[in-house]
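File shown here: query.pdb, holding PDB, C-alpha atoms.
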```pdb
ATOM      1  CA  MET T   1    -107.812 -24.836 -18.554  1.00  0.00           C
ATOM      2  CA  PRO T   2    -111.318 -24.995 -17.056  1.00  0.00           C
ATOM      3  CA  GLN T   3    -113.323 -28.166 -17.773  1.00  0.00           C
ATOM      4  CA  GLY T   4    -115.587 -27.844 -20.780  1.00  0.00           C
ATOM      5  CA  ILE T   5    -113.367 -25.244 -22.490  1.00  0.00           C
ATOM      6  CA  LYS T   6    -111.173 -25.903 -25.488  1.00  0.00           C
ATOM      7  CA  LEU T   7    -109.127 -23.663 -27.732  1.00  0.00           C
ATOM      8  CA  ASP T   8    -109.955 -22.918 -31.333  1.00  0.00           C
ATOM      9  CA  LEU T   9    -106.471 -23.640 -32.665  1.00  0.00           C
ATOM     10  CA  SER T  10    -107.236 -21.858 -35.925  1.00  0.00           C
ATOM     11  CA  LEU T  11    -106.764 -18.603 -34.004  1.00  0.00           C
ATOM     12  CA  SER T  12    -103.528 -19.676 -32.305  1.00  0.00           C
ATOM     13  CA  GLN T  13    -100.409 -17.756 -33.319  1.00  0.00           C
ATOM     14  CA  PRO T  14     -96.796 -17.960 -32.112  1.00  0.00           C
ATOM     15  CA  PRO T  15     -96.196 -15.712 -29.095  1.00  0.00           C
ATOM     16  CA  SER T  16     -94.577 -12.381 -29.924  1.00  0.00           C
ATOM     17  CA  PHE T  17     -91.323 -11.514 -28.178  1.00  0.00           C
ATOM     18  CA  ASP T  18     -90.314  -8.765 -30.626  1.00  0.00           C
ATOM     19  CA  GLY T  19     -89.149  -5.610 -28.920  1.00  0.00           C
ATOM     20  CA  LEU T  20     -88.827  -7.026 -25.408  1.00  0.00           C
ATOM     21  CA  GLY T  21     -85.071  -6.466 -25.492  1.00  0.00           C
ATOM     22  CA  SER T  22     -82.419  -8.111 -23.375  1.00  0.00           C
ATOM     23  CA  VAL T  23     -82.211  -7.834 -19.594  1.00  0.00           C
ATOM     24  CA  SER T  24     -79.348  -6.787 -17.345  1.00  0.00           C
ATOM     25  CA  LYS T  25     -77.106  -9.378 -15.732  1.00  0.00           C
ATOM     26  CA  LEU T  26     -77.994  -8.006 -12.269  1.00  0.00           C
ATOM     27  CA  SER T  27     -80.742  -9.903 -10.412  1.00  0.00           C
ATOM     28  CA  LEU T  28     -81.418 -11.778 -13.625  1.00  0.00           C
ATOM     29  CA  PRO T  29     -84.336 -13.990 -12.510  1.00  0.00           C
ATOM     30  CA  ASP T  30     -86.128 -10.971 -11.028  1.00  0.00           C
ATOM     31  CA  GLN T  31     -85.690  -8.996 -14.231  1.00  0.00           C
ATOM     32  CA  VAL T  32     -86.906 -11.863 -16.416  1.00  0.00           C
ATOM     33  CA  PHE T  33     -89.882 -12.210 -14.094  1.00  0.00           C
ATOM     34  CA  ALA T  34     -90.681  -8.476 -14.284  1.00  0.00           C
ATOM     35  CA  THR T  35     -90.340  -8.460 -18.069  1.00  0.00           C
ATOM     36  CA  LEU T  36     -92.696 -11.418 -18.525  1.00  0.00           C
ATOM     37  CA  ARG T  37     -95.122 -10.080 -15.915  1.00  0.00           C
ATOM     38  CA  ASP T  38     -95.382  -6.725 -17.681  1.00  0.00           C
ATOM     39  CA  ALA T  39     -95.717  -8.432 -21.065  1.00  0.00           C
ATOM     40  CA  LEU T  40     -98.659 -10.451 -19.752  1.00  0.00           C
ATOM     41  CA  MET T  41    -100.313  -7.356 -18.285  1.00  0.00           C
ATOM     42  CA  CYS T  42    -100.053  -5.444 -21.562  1.00  0.00           C
ATOM     43  CA  GLY T  43    -101.617  -8.128 -23.742  1.00  0.00           C
ATOM     44  CA  ARG T  44     -98.480  -9.316 -25.512  1.00  0.00           C
ATOM     45  CA  PHE T  45     -99.608 -12.929 -25.067  1.00  0.00           C
ATOM     46  CA  ALA T  46    -103.092 -14.334 -25.730  1.00  0.00           C
ATOM     47  CA  PRO T  47    -105.149 -16.699 -23.551  1.00  0.00           C
ATOM     48  CA  GLY T  48    -104.163 -20.318 -24.223  1.00  0.00           C
ATOM     49  CA  GLN T  49    -100.929 -19.371 -25.989  1.00  0.00           C
ATOM     50  CA  ARG T  50     -97.909 -21.571 -25.285  1.00  0.00           C
ATOM     51  CA  ILE T  51     -94.777 -19.833 -23.979  1.00  0.00           C
ATOM     52  CA  PRO T  52     -91.673 -21.961 -24.711  1.00  0.00           C
ATOM     53  CA  LEU T  53     -88.837 -21.551 -22.203  1.00  0.00           C
ATOM     54  CA  ARG T  54     -86.175 -21.607 -24.887  1.00  0.00           C
ATOM     55  CA  THR T  55     -87.948 -18.852 -26.787  1.00  0.00           C
ATOM     56  CA  ILE T  56     -88.151 -16.718 -23.660  1.00  0.00           C
ATOM     57  CA  ALA T  57     -84.474 -17.221 -22.932  1.00  0.00           C
ATOM     58  CA  ALA T  58     -83.437 -16.430 -26.494  1.00  0.00           C
ATOM     59  CA  ALA T  59     -85.630 -13.316 -26.697  1.00  0.00           C
ATOM     60  CA  LEU T  60     -84.258 -11.920 -23.428  1.00  0.00           C
ATOM     61  CA  GLY T  61     -80.656 -12.965 -23.969  1.00  0.00           C
ATOM     62  CA  THR T  62     -80.479 -15.326 -20.984  1.00  0.00           C
ATOM     63  CA  SER T  63     -80.035 -18.999 -20.304  1.00  0.00           C
ATOM     64  CA  THR T  64     -83.073 -21.191 -19.651  1.00  0.00           C
ATOM     65  CA  MET T  65     -82.394 -21.299 -15.897  1.00  0.00           C
ATOM     66  CA  PRO T  66     -83.499 -17.713 -15.031  1.00  0.00           C
ATOM     67  CA  ALA T  67     -86.320 -18.055 -17.544  1.00  0.00           C
ATOM     68  CA  ARG T  68     -87.511 -21.231 -15.820  1.00  0.00           C
ATOM     69  CA  GLU T  69     -87.306 -19.606 -12.380  1.00  0.00           C
ATOM     70  CA  ALA T  70     -89.340 -16.601 -13.574  1.00  0.00           C
ATOM     71  CA  VAL T  71     -91.922 -18.836 -15.249  1.00  0.00           C
ATOM     72  CA  ASN T  72     -92.270 -20.952 -12.102  1.00  0.00           C
ATOM     73  CA  ARG T  73     -93.028 -17.805 -10.091  1.00  0.00           C
ATOM     74  CA  LEU T  74     -95.690 -16.791 -12.607  1.00  0.00           C
ATOM     75  CA  VAL T  75     -97.156 -20.305 -12.520  1.00  0.00           C
ATOM     76  CA  THR T  76     -97.394 -20.073  -8.733  1.00  0.00           C
ATOM     77  CA  MET T  77     -99.214 -16.748  -9.106  1.00  0.00           C
ATOM     78  CA  GLY T  78    -101.639 -18.255 -11.622  1.00  0.00           C
ATOM     79  CA  ALA T  79    -100.460 -15.951 -14.430  1.00  0.00           C
ATOM     80  CA  LEU T  80     -99.093 -18.940 -16.381  1.00  0.00           C
ATOM     81  CA  GLU T  81     -99.950 -22.623 -16.187  1.00  0.00           C
ATOM     82  CA  LEU T  82     -97.842 -25.745 -16.449  1.00  0.00           C
ATOM     83  CA  LEU T  83     -99.399 -28.307 -18.780  1.00  0.00           C
ATOM     84  CA  PRO T  84     -99.167 -32.090 -18.211  1.00  0.00           C
ATOM     85  CA  ASN T  85     -96.476 -32.316 -20.906  1.00  0.00           C
ATOM     86  CA  ARG T  86     -94.388 -29.791 -18.902  1.00  0.00           C
ATOM     87  CA  ARG T  87     -95.025 -27.056 -21.447  1.00  0.00           C
ATOM     88  CA  VAL T  88     -96.051 -23.610 -20.259  1.00  0.00           C
ATOM     89  CA  SER T  89     -99.008 -21.606 -21.516  1.00  0.00           C
ATOM     90  CA  VAL T  90    -101.105 -18.577 -20.710  1.00  0.00           C
ATOM     91  CA  PRO T  91    -104.245 -19.810 -18.906  1.00  0.00           C
ATOM     92  CA  ALA T  92    -107.374 -19.977 -21.035  1.00  0.00           C
ATOM     93  CA  SER T  93    -110.519 -18.833 -19.306  1.00  0.00           C
ATOM     94  CA  SER T  94    -114.193 -18.238 -19.901  1.00  0.00           C
ATOM     95  CA  ALA T  95    -116.062 -15.036 -20.660  1.00  0.00           C
ATOM     96  CA  ASN T  96    -117.776 -15.388 -17.290  1.00  0.00           C
ATOM     97  CA  ARG T  97    -114.448 -15.490 -15.438  1.00  0.00           C
ATOM     98  CA  TYR T  98    -113.155 -12.515 -17.395  1.00  0.00           C
ATOM     99  CA  GLN T  99    -116.290 -10.580 -16.472  1.00  0.00           C
ATOM    100  CA  GLU T 100    -115.921 -11.599 -12.812  1.00  0.00           C
ATOM    101  CA  ILE T 101    -112.339 -10.332 -12.628  1.00  0.00           C
ATOM    102  CA  MET T 102    -113.155  -7.109 -14.460  1.00  0.00           C
ATOM    103  CA  SER T 103    -116.081  -6.510 -12.113  1.00  0.00           C
ATOM    104  CA  ALA T 104    -113.635  -6.655  -9.209  1.00  0.00           C
ATOM    105  CA  ARG T 105    -111.298  -4.266 -11.001  1.00  0.00           C
ATOM    106  CA  ILE T 106    -114.184  -1.846 -11.529  1.00  0.00           C
ATOM    107  CA  ILE T 107    -114.651  -1.753  -7.743  1.00  0.00           C
ATOM    108  CA  VAL T 108    -111.008  -1.503  -6.696  1.00  0.00           C
ATOM    109  CA  GLU T 109    -109.258   0.615  -9.319  1.00  0.00           C
ATOM    110  CA  PRO T 110    -111.606   3.622  -9.437  1.00  0.00           C
ATOM    111  CA  ALA T 111    -111.395   3.765  -5.632  1.00  0.00           C
ATOM    112  CA  ALA T 112    -107.596   3.668  -5.839  1.00  0.00           C
ATOM    113  CA  ALA T 113    -107.619   6.486  -8.399  1.00  0.00           C
ATOM    114  CA  GLU T 114    -109.966   8.484  -6.177  1.00  0.00           C
ATOM    115  CA  ALA T 115    -107.538   8.167  -3.273  1.00  0.00           C
ATOM    116  CA  ALA T 116    -104.567   8.964  -5.495  1.00  0.00           C
ATOM    117  CA  SER T 117    -106.141  12.197  -6.754  1.00  0.00           C
ATOM    118  CA  THR T 118    -105.427  13.970  -3.467  1.00  0.00           C
ATOM    119  CA  LEU T 119    -101.967  12.449  -2.986  1.00  0.00           C
ATOM    120  CA  ILE T 120    -100.368  12.616  -6.415  1.00  0.00           C
ATOM    121  CA  SER T 121     -97.916  15.465  -7.027  1.00  0.00           C
ATOM    122  CA  ASP T 122     -98.282  18.156  -9.676  1.00  0.00           C
ATOM    123  CA  ALA T 123     -95.123  16.854 -11.354  1.00  0.00           C
ATOM    124  CA  GLU T 124     -96.568  13.341 -11.523  1.00  0.00           C
ATOM    125  CA  ILE T 125     -99.782  14.668 -13.069  1.00  0.00           C
ATOM    126  CA  GLU T 126     -97.788  16.427 -15.781  1.00  0.00           C
ATOM    127  CA  GLU T 127     -95.883  13.198 -16.417  1.00  0.00           C
ATOM    128  CA  LEU T 128     -99.240  11.484 -16.870  1.00  0.00           C
ATOM    129  CA  ALA T 129    -100.316  14.216 -19.284  1.00  0.00           C
ATOM    130  CA  ALA T 130     -97.146  13.658 -21.329  1.00  0.00           C
ATOM    131  CA  MET T 131     -97.827   9.905 -21.369  1.00  0.00           C
ATOM    132  CA  HIS T 132    -101.344  10.605 -22.592  1.00  0.00           C
ATOM    133  CA  LEU T 133     -99.994  12.648 -25.499  1.00  0.00           C
ATOM    134  CA  GLU T 134     -97.638   9.822 -26.427  1.00  0.00           C
ATOM    135  CA  MET T 135    -100.544   7.355 -26.250  1.00  0.00           C
ATOM    136  CA  GLN T 136    -102.459   9.554 -28.688  1.00  0.00           C
ATOM    137  CA  THR T 137     -99.498   9.523 -31.071  1.00  0.00           C
ATOM    138  CA  TRP T 138     -99.516   5.731 -31.131  1.00  0.00           C
ATOM    139  CA  PHE T 139    -103.292   5.644 -31.406  1.00  0.00           C
ATOM    140  CA  ASP T 140    -103.055   7.712 -34.579  1.00  0.00           C
ATOM    141  CA  GLN T 141    -100.680   5.067 -36.021  1.00  0.00           C
ATOM    142  CA  LEU T 142    -102.627   1.927 -35.149  1.00  0.00           C
ATOM    143  CA  GLU T 143    -102.281   0.619 -38.683  1.00  0.00           C
ATOM    144  CA  LYS T 144     -98.525   0.253 -38.125  1.00  0.00           C
ATOM    145  CA  PRO T 145     -97.215  -3.053 -36.713  1.00  0.00           C
ATOM    146  CA  GLY T 146     -96.662  -2.878 -32.974  1.00  0.00           C
ATOM    147  CA  ALA T 147     -98.510   0.411 -32.472  1.00  0.00           C
ATOM    148  CA  GLY T 148    -101.419  -1.197 -30.627  1.00  0.00           C
ATOM    149  CA  LEU T 149     -99.078  -3.038 -28.291  1.00  0.00           C
ATOM    150  CA  ARG T 150     -97.094   0.136 -27.587  1.00  0.00           C
ATOM    151  CA  TYR T 151    -100.361   1.910 -26.756  1.00  0.00           C
ATOM    152  CA  MET T 152    -101.283  -0.836 -24.287  1.00  0.00           C
ATOM    153  CA  GLU T 153     -97.837  -0.675 -22.670  1.00  0.00           C
ATOM    154  CA  LEU T 154     -98.204   3.062 -22.152  1.00  0.00           C
ATOM    155  CA  GLU T 155    -101.722   2.607 -20.821  1.00  0.00           C
ATOM    156  CA  LYS T 156    -100.452   0.119 -18.242  1.00  0.00           C
ATOM    157  CA  SER T 157     -97.700   2.537 -17.160  1.00  0.00           C
ATOM    158  CA  PHE T 158    -100.216   5.385 -17.027  1.00  0.00           C
ATOM    159  CA  PHE T 159    -102.610   3.648 -14.663  1.00  0.00           C
ATOM    160  CA  PHE T 160     -99.946   2.131 -12.450  1.00  0.00           C
ATOM    161  CA  LYS T 161     -98.406   5.572 -11.998  1.00  0.00           C
ATOM    162  CA  ILE T 162    -101.758   6.792 -10.710  1.00  0.00           C
ATOM    163  CA  TYR T 163    -102.243   3.833  -8.381  1.00  0.00           C
ATOM    164  CA  ALA T 164     -98.667   4.107  -7.090  1.00  0.00           C
ATOM    165  CA  ALA T 165     -99.552   7.562  -5.740  1.00  0.00           C
ATOM    166  CA  THR T 166    -101.649   5.835  -3.055  1.00  0.00           C
ATOM    167  CA  ARG T 167     -98.326   4.651  -1.589  1.00  0.00           C
ATOM    168  CA  SER T 168    -100.011   1.341  -0.729  1.00  0.00           C
ATOM    169  CA  SER T 169     -97.963  -1.751  -1.553  1.00  0.00           C
ATOM    170  CA  ILE T 170    -100.897  -4.004  -0.649  1.00  0.00           C
ATOM    171  CA  LEU T 171    -103.258  -2.198  -3.009  1.00  0.00           C
ATOM    172  CA  MET T 172    -100.659  -2.278  -5.783  1.00  0.00           C
ATOM    173  CA  SER T 173    -100.201  -6.033  -5.301  1.00  0.00           C
ATOM    174  CA  VAL T 174    -103.951  -6.630  -5.602  1.00  0.00           C
ATOM    175  CA  ILE T 175    -104.245  -4.482  -8.735  1.00  0.00           C
ATOM    176  CA  GLN T 176    -101.206  -6.164 -10.270  1.00  0.00           C
ATOM    177  CA  SER T 177    -102.827  -9.577  -9.761  1.00  0.00           C
ATOM    178  CA  PHE T 178    -105.966  -8.333 -11.549  1.00  0.00           C
ATOM    179  CA  TRP T 179    -103.940  -7.089 -14.511  1.00  0.00           C
ATOM    180  CA  LEU T 180    -102.045 -10.384 -14.742  1.00  0.00           C
ATOM    181  CA  MET T 181    -105.346 -12.245 -15.050  1.00  0.00           C
ATOM    182  CA  THR T 182    -107.001  -9.876 -17.541  1.00  0.00           C
ATOM    183  CA  GLY T 183    -104.007  -8.600 -19.535  1.00  0.00           C
ATOM    184  CA  PRO T 184    -103.920 -11.527 -21.996  1.00  0.00           C
ATOM    185  CA  PHE T 185    -107.495 -10.751 -23.041  1.00  0.00           C
ATOM    186  CA  LEU T 186    -106.232  -7.423 -24.438  1.00  0.00           C
ATOM    187  CA  ASN T 187    -104.315  -9.459 -27.020  1.00  0.00           C
ATOM    188  CA  ILE T 188    -107.638 -10.530 -28.514  1.00  0.00           C
ATOM    189  CA  VAL T 189    -108.616  -7.000 -29.487  1.00  0.00           C
ATOM    190  CA  ILE T 190    -105.265  -5.220 -29.632  1.00  0.00           C
ATOM    191  CA  THR T 191    -105.630  -4.723 -33.392  1.00  0.00           C
ATOM    192  CA  ASP T 192    -109.139  -3.337 -32.945  1.00  0.00           C
ATOM    193  CA  SER T 193    -108.189  -0.535 -30.566  1.00  0.00           C
ATOM    194  CA  ARG T 194    -109.529   2.173 -32.869  1.00  0.00           C
ATOM    195  CA  GLU T 195    -113.001   0.627 -32.612  1.00  0.00           C
ATOM    196  CA  TRP T 196    -112.553   0.409 -28.849  1.00  0.00           C
ATOM    197  CA  PHE T 197    -112.203   4.147 -28.348  1.00  0.00           C
ATOM    198  CA  THR T 198    -114.926   6.167 -30.033  1.00  0.00           C
ATOM    199  CA  THR T 199    -113.863   8.968 -27.671  1.00  0.00           C
ATOM    200  CA  ASP T 200    -110.616   9.522 -25.785  1.00  0.00           C
ATOM    201  CA  PRO T 201    -111.115   7.826 -22.372  1.00  0.00           C
ATOM    202  CA  ILE T 202    -107.778   8.991 -20.928  1.00  0.00           C
ATOM    203  CA  LYS T 203    -108.077  12.778 -21.225  1.00  0.00           C
ATOM    204  CA  PRO T 204    -110.964  12.993 -18.686  1.00  0.00           C
ATOM    205  CA  ILE T 205    -108.732  11.193 -16.171  1.00  0.00           C
ATOM    206  CA  VAL T 206    -105.907  13.689 -16.687  1.00  0.00           C
ATOM    207  CA  ASP T 207    -108.342  16.620 -16.482  1.00  0.00           C
ATOM    208  CA  ALA T 208    -109.892  15.298 -13.263  1.00  0.00           C
ATOM    209  CA  LEU T 209    -106.473  14.808 -11.671  1.00  0.00           C
ATOM    210  CA  ARG T 210    -105.401  18.323 -12.651  1.00  0.00           C
ATOM    211  CA  ALA T 211    -108.592  19.633 -11.062  1.00  0.00           C
ATOM    212  CA  ARG T 212    -107.884  17.566  -7.930  1.00  0.00           C
ATOM    213  CA  ASN T 213    -111.424  16.239  -8.161  1.00  0.00           C
ATOM    214  CA  PRO T 214    -111.665  12.804  -6.501  1.00  0.00           C
ATOM    215  CA  ALA T 215    -115.220  12.071  -7.673  1.00  0.00           C
ATOM    216  CA  GLU T 216    -114.493  12.897 -11.321  1.00  0.00           C
ATOM    217  CA  THR T 217    -111.247  10.928 -11.224  1.00  0.00           C
ATOM    218  CA  LYS T 218    -113.092   7.895  -9.863  1.00  0.00           C
ATOM    219  CA  ALA T 219    -115.845   8.230 -12.487  1.00  0.00           C
ATOM    220  CA  ALA T 220    -113.366   8.597 -15.371  1.00  0.00           C
ATOM    221  CA  VAL T 221    -111.408   5.477 -14.391  1.00  0.00           C
ATOM    222  CA  HIS T 222    -114.666   3.576 -13.875  1.00  0.00           C
ATOM    223  CA  TYR T 223    -115.816   4.531 -17.382  1.00  0.00           C
ATOM    224  CA  ASN T 224    -112.513   3.392 -18.925  1.00  0.00           C
ATOM    225  CA  LEU T 225    -112.700  -0.032 -17.281  1.00  0.00           C
ATOM    226  CA  GLU T 226    -116.389  -0.534 -18.034  1.00  0.00           C
ATOM    227  CA  ASN T 227    -115.792   0.448 -21.644  1.00  0.00           C
ATOM    228  CA  ALA T 228    -113.008  -2.140 -21.931  1.00  0.00           C
ATOM    229  CA  LEU T 229    -115.168  -4.847 -20.358  1.00  0.00           C
ATOM    230  CA  ASN T 230    -118.121  -4.202 -22.645  1.00  0.00           C
ATOM    231  CA  PHE T 231    -116.002  -3.994 -25.780  1.00  0.00           C
ATOM    232  CA  ILE T 232    -114.187  -7.281 -25.218  1.00  0.00           C
ATOM    233  CA  LEU T 233    -117.397  -9.110 -24.305  1.00  0.00           C
ATOM    234  CA  LYS T 234    -119.215  -7.786 -27.386  1.00  0.00           C
ATOM    235  CA  ASN T 235    -116.262  -7.989 -29.779  1.00  0.00           C
ATOM    236  CA  GLY T 236    -116.903 -11.633 -30.609  1.00  0.00           C
ATOM    237  CA  LYS T 237    -113.287 -12.792 -30.689  1.00  0.00           C
ATOM    238  CA  LEU T 238    -113.440 -14.056 -27.127  1.00  0.00           C
ATOM    239  CA  ASP T 239    -116.288 -16.410 -28.018  1.00  0.00           C
ATOM    240  CA  ARG T 240    -114.330 -17.701 -31.008  1.00  0.00           C
ATOM    241  CA  LEU T 241    -111.170 -18.273 -29.006  1.00  0.00           C
ATOM    242  CA  LEU T 242    -112.855 -20.058 -26.134  1.00  0.00           C
ATOM    243  CA  VAL T 243    -115.196 -22.602 -27.628  1.00  0.00           C
ATOM    244  CA  LEU T 244    -117.500 -24.600 -25.394  1.00  0.00           C
ATOM    245  CA  ASP T 245    -116.789 -28.308 -25.637  1.00  0.00           C
ATOM    246  CA  GLU T 246    -120.156 -29.997 -25.985  1.00  0.00           C
ATOM    247  CA  SER T 247    -118.740 -33.479 -26.299  1.00  0.00           C
TER     248      SER T 247
END
```
In structure tokens, what does this structure look like?
Amino acid sequence: MPQGIKLDLSLSQPPSFDGLGSVSKLSLPDQVFATLRDALMCGRFAPGQRIPLRTIAAALGTSTMPAREAVNRLVTMGALELLPNRRVSVPASSANRYQEIMSARIIVEPAAAEAASTLISDAEIEELAAMHLEMQTWFDQLEKPGAGLRYMELEKSFFFKIYAATRSSILMSVIQSFWLMTGPFLNIVITDSREWFTTDPIKPIVDALRARNPAETKAAVHYNLENALNFILKNGKLDRLLVLDES
């Protein structure tokens, strides 16, 4: 945790592992790693939240050994941090750092979408359109438990499907690292998603891809990211979670 930052423990809640499901016995550490990585990207865990190894293992139906190996990989990547007492937590960060990372995403991801717009297949675009419809279904049910999280999971899959069309493993690795750093911040506002979207920010992306319009695709993705950045910064929960230590 950065110096001068402390957590407001009144907002701390136990991490949610509901619905993650068990993993296959094949390549177990890799699958545990992928499951935790995707959970972090989608906002399942909040900044500063502790992630007990035993809880991970129990939720995924594994022993603690593959869970520990996966966690160590995520610690090395900076997606999790090892505390002095050997406990593991999601890194807490400042609003300034969040804004810095999102500013980088706003440069890289719209450019990736622009490139993808001329490479993505018609079948992949229709798959994205179907995902968008499913996202809308969950958006209409945000009052139900888990609906906001399911929306975020679909949103992550939606954007990574677009970026994957660039066929660039290096670009995908960079974008994945951005999502790992910013995903936990989605947890802060996951219950406020209806306030987040006064208009549907995904449909313009689908429309631009169908039109094979690189400039409109880039602009639509840029708007979605900028909207997310502004909402989280202005929401107020981030300031309550990360309290400046004036002592």
**Item:** Counting only C-alpha atoms, the residue of T:Gln141, T:Ala92, T:Ala147, T:Ala228 that sits nearest Phe45 (chain T)
**Value:**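 Closest candidate: T:Ala92.
Reported to one decimal place, the separation of CA of Phe159 (chain T) from CA of Trp179 (chain T) is 10.8 Å.
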- Query: Skipping near chain neighbours, those fewer than 6 positions away, what residues fall within 6 Å of region 215-217 of chain T using only C-alpha atoms, listed as a PyMOL selection string?
  - Reply: chain T and resi 114+205+208
Using the chain letters and numbers from this file, what does the PyMOL selection byres ((chain T and resi 158) around 10) select? Give the answer as a ChimeraX atom specification. /T:127-132,135,152-157,159-163,202
Ground truth for the PyMOL selection byres ((chain T and resi 74) around 12), written as an NGL selection string | :T and (29-30 or 32-41 or 51 or 67-73 or 75-82 or 88-91 or 177 or 180-181)
Output file for the residues above (C-alpha atoms, as a CSV table (one decimal), in the frame of the given file):
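So selection.csv came out as:
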```csv
chain,number,residue,atom,x,y,z
T,29,PRO,CA,-84.3,-14.0,-12.5
T,30,ASP,CA,-86.1,-11.0,-11.0
T,32,VAL,CA,-86.9,-11.9,-16.4
T,33,PHE,CA,-89.9,-12.2,-14.1
T,34,ALA,CA,-90.7,-8.5,-14.3
T,35,THR,CA,-90.3,-8.5,-18.1
T,36,LEU,CA,-92.7,-11.4,-18.5
T,37,ARG,CA,-95.1,-10.1,-15.9
T,38,ASP,CA,-95.4,-6.7,-17.7
T,39,ALA,CA,-95.7,-8.4,-21.1
T,40,LEU,CA,-98.7,-10.5,-19.8
T,41,MET,CA,-100.3,-7.4,-18.3
T,51,ILE,CA,-94.8,-19.8,-24.0
T,67,ALA,CA,-86.3,-18.1,-17.5
T,68,ARG,CA,-87.5,-21.2,-15.8
T,69,GLU,CA,-87.3,-19.6,-12.4
T,70,ALA,CA,-89.3,-16.6,-13.6
T,71,VAL,CA,-91.9,-18.8,-15.2
T,72,ASN,CA,-92.3,-21.0,-12.1
T,73,ARG,CA,-93.0,-17.8,-10.1
T,75,VAL,CA,-97.2,-20.3,-12.5
T,76,THR,CA,-97.4,-20.1,-8.7
T,77,MET,CA,-99.2,-16.7,-9.1
T,78,GLY,CA,-101.6,-18.3,-11.6
T,79,ALA,CA,-100.5,-16.0,-14.4
T,80,LEU,CA,-99.1,-18.9,-16.4
T,81,GLU,CA,-100.0,-22.6,-16.2
T,82,LEU,CA,-97.8,-25.7,-16.4
T,88,VAL,CA,-96.1,-23.6,-20.3
T,89,SER,CA,-99.0,-21.6,-21.5
T,90,VAL,CA,-101.1,-18.6,-20.7
T,91,PRO,CA,-104.2,-19.8,-18.9
T,177,SER,CA,-102.8,-9.6,-9.8
T,180,LEU,CA,-102.0,-10.4,-14.7
T,181,MET,CA,-105.3,-12.2,-15.0
```
Residue by residue, what does the PyMOL selection byres ((chain T and resi 102) around 8) grab here? Present the result as a PyMOL selection string.
chain T and resi 98-101+103-106+178+182+225+229
Distance CA of Ala165 (chain T)-CA of Gly146 (chain T), one decimal place?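 Separating CA of Ala165 (chain T) from CA of Gly146 (chain T) is a distance of 29.3 Å.
If you look at CA of Ala46 (chain T) and CA of Leu186 (chain T), they are 7.7 Å away from each other.
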Taking all atoms of region 127-141 of chain T that appear in the file, build a box with edges along x, y and z, extend it by 6 Å on every side, and state its centre and edge lengths in Å to one decimal, as lines of an AutoDock Vina configuration file.
```
center_x = -99.6
center_y = 9.6
center_z = -26.2
size_x = 19.4
size_y = 21.1
size_z = 31.6
```
(message) My list of candidates is T:Pro204, T:Leu28, T:Ala95, T:Ala113. Which is closest to Met65 (chain T) when distances are computed with all atoms listed in the file?
(response)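 Closest to Met65 (chain T) of all the choices is T:Leu28.
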Counting only C-alpha atoms, find the residues whose atoms lie at most 10 Å from (-105.8, 12.6, -27.4) (file coordinates) and write them out as an mmCIF file with C-alpha atoms, keeping the file's coordinate frame.
```
data_model
loop_
_atom_site.group_PDB
_atom_site.id
_atom_site.type_symbol
_atom_site.label_atom_id
_atom_site.label_comp_id
_atom_site.auth_asym_id
_atom_site.auth_seq_id
_atom_site.Cartn_x
_atom_site.Cartn_y
_atom_site.Cartn_z
ATOM 1 C CA ALA T 129 -100.316 14.216 -19.284
ATOM 2 C CA HIS T 132 -101.344 10.605 -22.592
ATOM 3 C CA LEU T 133 -99.994 12.648 -25.499
ATOM 4 C CA GLU T 134 -97.638 9.822 -26.427
ATOM 5 C CA MET T 135 -100.544 7.355 -26.250
ATOM 6 C CA GLN T 136 -102.459 9.554 -28.688
ATOM 7 C CA THR T 137 -99.498 9.523 -31.071
ATOM 8 C CA PHE T 139 -103.292 5.644 -31.406
ATOM 9 C CA ASP T 140 -103.055 7.712 -34.579
ATOM 10 C CA THR T 199 -113.863 8.968 -27.671
ATOM 11 C CA ASP T 200 -110.616 9.522 -25.785
ATOM 12 C CA PRO T 201 -111.115 7.826 -22.372
ATOM 13 C CA ILE T 202 -107.778 8.991 -20.928
ATOM 14 C CA LYS T 203 -108.077 12.778 -21.225
#
```
Can you take the partial region 100-107 of chain T, add N, CA and C atoms, and return it as a tab-separated table (two decimals), in the coordinates of the input?
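Below is the file part-v5.tsv, written as the result:
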```tsv
chain	number	residue	atom	x	y	z
T	100	GLU	N	-116.02	-11.60	-14.27
T	100	GLU	CA	-115.92	-11.60	-12.81
T	100	GLU	C	-114.70	-10.80	-12.35
T	101	ILE	N	-113.56	-11.04	-13.02
T	101	ILE	CA	-112.34	-10.33	-12.63
T	101	ILE	C	-112.46	-8.84	-12.93
T	102	MET	N	-113.00	-8.52	-14.10
T	102	MET	CA	-113.16	-7.11	-14.46
T	102	MET	C	-114.13	-6.40	-13.52
T	103	SER	N	-115.14	-7.10	-13.07
T	103	SER	CA	-116.08	-6.51	-12.11
T	103	SER	C	-115.37	-6.14	-10.81
T	104	ALA	N	-114.42	-6.97	-10.40
T	104	ALA	CA	-113.64	-6.66	-9.21
T	104	ALA	C	-112.73	-5.46	-9.47
T	105	ARG	N	-112.14	-5.41	-10.66
T	105	ARG	CA	-111.30	-4.27	-11.00
T	105	ARG	C	-112.10	-2.97	-10.99
T	106	ILE	N	-113.33	-3.04	-11.46
T	106	ILE	CA	-114.18	-1.85	-11.53
T	106	ILE	C	-114.53	-1.33	-10.13
T	107	ILE	N	-114.45	-2.19	-9.12
T	107	ILE	CA	-114.65	-1.75	-7.74
T	107	ILE	C	-113.37	-1.16	-7.17
```
